[in-house]
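So this block is entry_5.csv, CSV, C-alpha atoms:
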chain,number,residue,atom,x,y,z
L,1041,MET,CA,0.0,0.0,0.0
L,1042,ARG,CA,2.8,2.4,0.9
L,1043,LYS,CA,4.6,1.7,-2.4
L,1044,ARG,CA,1.4,2.6,-4.4
L,1045,LEU,CA,1.1,5.8,-2.5
L,1046,ILE,CA,4.7,6.8,-3.1
L,1047,LEU,CA,4.4,5.8,-6.8
L,1048,SER,CA,1.2,7.8,-7.2
L,1049,LEU,CA,2.8,10.8,-5.6
L,1050,ILE,CA,5.8,10.6,-7.8
L,1051,LEU,CA,3.6,10.3,-10.9
L,1052,VAL,CA,1.5,13.3,-9.9
L,1053,LEU,CA,4.5,15.5,-9.2
L,1054,ALA,CA,6.2,14.4,-12.5
L,1055,THR,CA,3.1,15.3,-14.4
L,1056,LEU,CA,2.8,18.7,-12.7
L,1057,PHE,CA,6.5,19.6,-13.4
L,1058,ALA,CA,6.2,18.4,-17.1
L,1059,ALA,CA,3.1,20.6,-17.6
L,1060,SER,CA,5.0,23.7,-16.3
L,1061,SER,CA,7.6,23.4,-19.0
L,1062,VAL,CA,5.0,23.3,-21.7
L,1063,LEU,CA,3.6,26.6,-20.5
L,1064,ALA,CA,6.9,28.3,-21.4
L,1065,GLN,CA,6.1,27.9,-25.1
L,1066,SER,CA,3.6,30.8,-25.2
L,1067,PHE,CA,5.9,33.6,-24.0
L,1068,GLY,CA,6.9,36.1,-26.7
L,1069,LEU,CA,5.7,34.1,-29.7
L,1070,GLU,CA,2.4,36.0,-30.2
L,1071,ALA,CA,4.3,39.3,-30.5
L,1072,THR,CA,6.7,37.8,-32.9
L,1073,ARG,CA,3.9,36.4,-35.1
L,1074,ASN,CA,2.1,39.8,-35.1
L,1075,LYS,CA,5.3,41.7,-36.0
L,1076,ALA,CA,6.0,39.3,-38.9
L,1077,GLN,CA,2.4,39.6,-40.0
L,1078,TYR,CA,2.0,35.9,-40.1
L,1079,GLY,CA,-1.6,35.0,-39.9
L,1080,ASP,CA,-3.6,31.8,-40.0
L,1081,ALA,CA,-5.5,32.8,-43.2
L,1082,ASN,CA,-3.3,30.5,-45.3
L,1083,ILE,CA,-5.3,27.5,-46.5
L,1084,TYR,CA,-2.3,25.2,-45.9
L,1085,VAL,CA,-2.0,26.3,-42.3
L,1086,MET,CA,-5.7,25.6,-41.8
L,1087,ILE,CA,-5.5,22.2,-43.4
L,1088,SER,CA,-2.4,21.3,-41.4
L,1089,THR,CA,-4.1,22.4,-38.1
L,1090,THR,CA,-7.2,20.4,-39.0
L,1091,ILE,CA,-5.2,17.3,-39.7
L,1092,SER,CA,-3.2,17.8,-36.5
L,1093,ILE,CA,-6.4,18.0,-34.4
L,1094,VAL,CA,-7.9,14.9,-36.0
L,1095,LEU,CA,-4.8,12.9,-35.4
L,1096,SER,CA,-4.6,14.1,-31.8
L,1097,VAL,CA,-8.2,13.0,-31.2
L,1098,ALA,CA,-7.6,9.7,-32.9
L,1099,GLY,CA,-4.5,9.2,-30.7
L,1100,LEU,CA,-6.5,9.9,-27.6
L,1101,VAL,CA,-9.2,7.4,-28.6
L,1102,PHE,CA,-6.7,4.7,-29.3
L,1103,LEU,CA,-4.9,5.4,-26.0
L,1104,ALA,CA,-8.2,5.1,-24.2
L,1105,ILE,CA,-8.9,1.7,-25.9
Here is a file; write its structure as structure tokens.
Amino acid sequence: MRKRLILSLILVLATLFAASSVLAQSFGLEATRNKAQYGDANIYVMISTTISIVLSVAGLVFLAI
């Protein structure tokens, strides 16, 4: 029982610390994109984003199975 508790605690802490490093990706990129006048109006970007979302959802479904 004690091993399970320690393992669960380690897993939760590792997940929390991993999530904090992902949040660092959003700093400064929006200003850079606006300055470069790079928008999402490009059809290739929209198609790429759609495919990425569909594949992500499919991955989550297969992971759940």
>> Using Å and a single decimal, report how far CA of Val1052 (chain L) sits from CA of Ser1092 (chain L).
In response: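 Taking CA of Ser1092 (chain L) and CA of Val1052 (chain L), their separation equals 27.4 Å.
Here CA of Ala1076 (chain L) and CA of Thr1089 (chain L) stand 19.7 Å from one another.
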>> If I take CA of Ala1071 (chain L) and CA of Thr1090 (chain L), how far is one from the other in Å, to one decimal?
In response: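 We find that CA of Ala1071 (chain L) and CA of Thr1090 (chain L) lie 23.7 Å from each other.
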